[in-house]
Amino acid sequence: MAKNRKIFVHRNSENIHMKLFGDFDGSLASELLNLLKKNCNAASKIFIHTDCLKTVHSLGQSVFHKNFNFISNESTSLLFTGKYASQLIPENNDLLDIISC
């Protein structure tokens with residue numbers, strides 16, 4: 001994994017927290033998608049924290065939005081937090097919430 005991007009994952013109780021660091025490019029978007037696929041049935045809430053991102057590249061945003069259709073489990077809520085939350089949340093997806101800090 002490149003030094004300018006990473007994801008820290010922490011689990012507590014029924015929740016999973018994913019904290020994004022660095023540049024949200026195509027590689028980080030793919031890594032986040034893979035982590036979400038693995039964990040979307042393992043928690044009642046998954047928090048995606050965006051405050052530690054430096055930038056959101058249009059390619060990363062596009063990769064994330066175009067490949068997000070696997071979420072269909074209504075018992076898992078995805079909650080985006082931080083200053084880049086609105087850029088990462090896929091449009092027209094009723095299963096997602098945004099929490100603003």
# chains A, B, ... in the order shown; residues from 1 in each chain; ligands from 1
$ select_by_dssp --residues "chain A" --states "alpha helix (DSSP H)" --output "ChimeraX atom specification"
/A:26-39,58-66,85-88
$ residues_around --residues "range 55-60 of chain A" --least-positions-apart "5" --cutoff "10 Å" --atoms "only C-alpha atoms" --output "PyMOL selection string"
chain A and resi 21-30+50+65+84+87-88
$ atom_distance --atom1 "CA of Ser44 in chain A" --atom2 "CA of Ser13 in chain A"
9.4 Å
$ closest_residue --among "A:Lys83, A:Lys19, A:Lys45, A:Lys54" --to "Ile7 in chain A" --atoms "only C-alpha atoms"
A:Lys19
$ select_by_dssp --residues "chain A" --states "strand (DSSP E)" --output "PyMOL selection string"
chain A and resi 5-12+15-24+45-49+53-56+77-81+96-99
$ atom_distance --atom1 "CA of Ile89 in chain A" --atom2 "CA of Glu14 in chain A"
21.7 Å
$ decode --residues "range 32-65 of chain A" --atoms "N, CA and C atoms" --output "CSV table (one decimal), in the first residue's frame"
chain,number,residue,atom,x,y,z
A,32,LEU,N,-11.3,0.5,0.0
A,32,LEU,CA,-12.5,0.7,0.8
A,32,LEU,C,-13.7,-0.1,0.4
A,33,LEU,N,-13.9,-0.2,-0.9
A,33,LEU,CA,-15.0,-1.1,-1.4
A,33,LEU,C,-14.8,-2.5,-0.9
A,34,ASN,N,-13.5,-3.0,-1.1
A,34,ASN,CA,-13.3,-4.4,-0.6
A,34,ASN,C,-13.5,-4.6,0.9
A,35,LEU,N,-13.1,-3.7,1.7
A,35,LEU,CA,-13.3,-3.7,3.1
A,35,LEU,C,-14.8,-3.7,3.4
A,36,LEU,N,-15.6,-2.9,2.7
A,36,LEU,CA,-17.0,-2.8,2.9
A,36,LEU,C,-17.7,-4.1,2.5
A,37,LYS,N,-17.3,-4.7,1.4
A,37,LYS,CA,-17.8,-6.0,1.0
A,37,LYS,C,-17.6,-7.1,2.0
A,38,LYS,N,-16.4,-7.1,2.6
A,38,LYS,CA,-16.1,-8.1,3.6
A,38,LYS,C,-16.9,-7.9,4.9
A,39,ASN,N,-17.2,-6.6,5.2
A,39,ASN,CA,-17.7,-6.3,6.6
A,39,ASN,C,-19.2,-5.9,6.6
A,40,CYS,N,-19.8,-5.8,5.4
A,40,CYS,CA,-21.2,-5.2,5.4
A,40,CYS,C,-22.2,-6.0,6.2
A,41,ASN,N,-22.0,-7.3,6.3
A,41,ASN,CA,-22.9,-8.1,7.1
A,41,ASN,C,-22.4,-8.4,8.5
A,42,ALA,N,-21.3,-7.8,8.9
A,42,ALA,CA,-20.7,-8.2,10.2
A,42,ALA,C,-20.9,-7.1,11.2
A,43,ALA,N,-21.7,-6.0,10.9
A,43,ALA,CA,-21.9,-5.0,11.9
A,43,ALA,C,-23.2,-4.3,11.6
A,44,SER,N,-23.8,-3.7,12.7
A,44,SER,CA,-25.0,-3.0,12.5
A,44,SER,C,-24.8,-1.6,11.9
A,45,LYS,N,-23.6,-1.0,12.2
A,45,LYS,CA,-23.2,0.3,11.7
A,45,LYS,C,-21.8,0.3,11.3
A,46,ILE,N,-21.5,0.8,10.1
A,46,ILE,CA,-20.1,1.0,9.7
A,46,ILE,C,-19.9,2.5,9.5
A,47,PHE,N,-19.0,3.1,10.2
A,47,PHE,CA,-18.7,4.5,10.2
A,47,PHE,C,-17.5,4.7,9.2
A,48,ILE,N,-17.6,5.6,8.3
A,48,ILE,CA,-16.5,5.9,7.4
A,48,ILE,C,-16.1,7.4,7.7
A,49,HIS,N,-14.9,7.5,8.4
A,49,HIS,CA,-14.4,8.8,8.8
A,49,HIS,C,-13.5,9.4,7.7
A,50,THR,N,-13.8,10.6,7.3
A,50,THR,CA,-13.1,11.3,6.2
A,50,THR,C,-12.2,12.4,6.6
A,51,ASP,N,-12.2,12.9,7.8
A,51,ASP,CA,-11.4,14.1,8.2
A,51,ASP,C,-9.9,14.0,8.0
A,52,CYS,N,-9.4,12.8,7.9
A,52,CYS,CA,-7.9,12.7,7.7
A,52,CYS,C,-7.5,12.6,6.3
A,53,LEU,N,-8.5,12.7,5.4
A,53,LEU,CA,-8.1,12.7,3.9
A,53,LEU,C,-7.5,14.0,3.6
A,54,LYS,N,-6.5,14.0,2.7
A,54,LYS,CA,-5.9,15.3,2.2
A,54,LYS,C,-6.7,15.8,1.0
A,55,THR,N,-7.1,14.9,0.1
A,55,THR,CA,-7.9,15.2,-1.1
A,55,THR,C,-8.8,14.1,-1.5
A,56,VAL,N,-9.8,14.4,-2.3
A,56,VAL,CA,-10.6,13.4,-2.9
A,56,VAL,C,-10.5,13.6,-4.4
A,57,HIS,N,-9.8,12.7,-5.1
A,57,HIS,CA,-9.6,12.7,-6.5
A,57,HIS,C,-10.9,12.3,-7.2
A,58,SER,N,-11.1,12.9,-8.4
A,58,SER,CA,-12.4,12.6,-9.1
A,58,SER,C,-12.4,11.1,-9.5
A,59,LEU,N,-11.2,10.5,-9.8
A,59,LEU,CA,-11.2,9.1,-10.2
A,59,LEU,C,-11.6,8.3,-9.0
A,60,GLY,N,-11.1,8.6,-7.8
A,60,GLY,CA,-11.4,7.8,-6.6
A,60,GLY,C,-12.9,7.9,-6.3
A,61,GLN,N,-13.5,9.1,-6.5
A,61,GLN,CA,-14.9,9.3,-6.2
A,61,GLN,C,-15.7,8.5,-7.3
A,62,SER,N,-15.3,8.5,-8.5
A,62,SER,CA,-16.0,7.8,-9.6
A,62,SER,C,-15.9,6.3,-9.4
A,63,VAL,N,-14.8,5.8,-9.0
A,63,VAL,CA,-14.6,4.3,-8.8
A,63,VAL,C,-15.5,3.9,-7.6
A,64,PHE,N,-15.5,4.7,-6.6
A,64,PHE,CA,-16.3,4.4,-5.4
A,64,PHE,C,-17.8,4.4,-5.7
A,65,HIS,N,-18.3,5.5,-6.4
A,65,HIS,CA,-19.7,5.6,-6.7
A,65,HIS,C,-20.2,4.5,-7.7
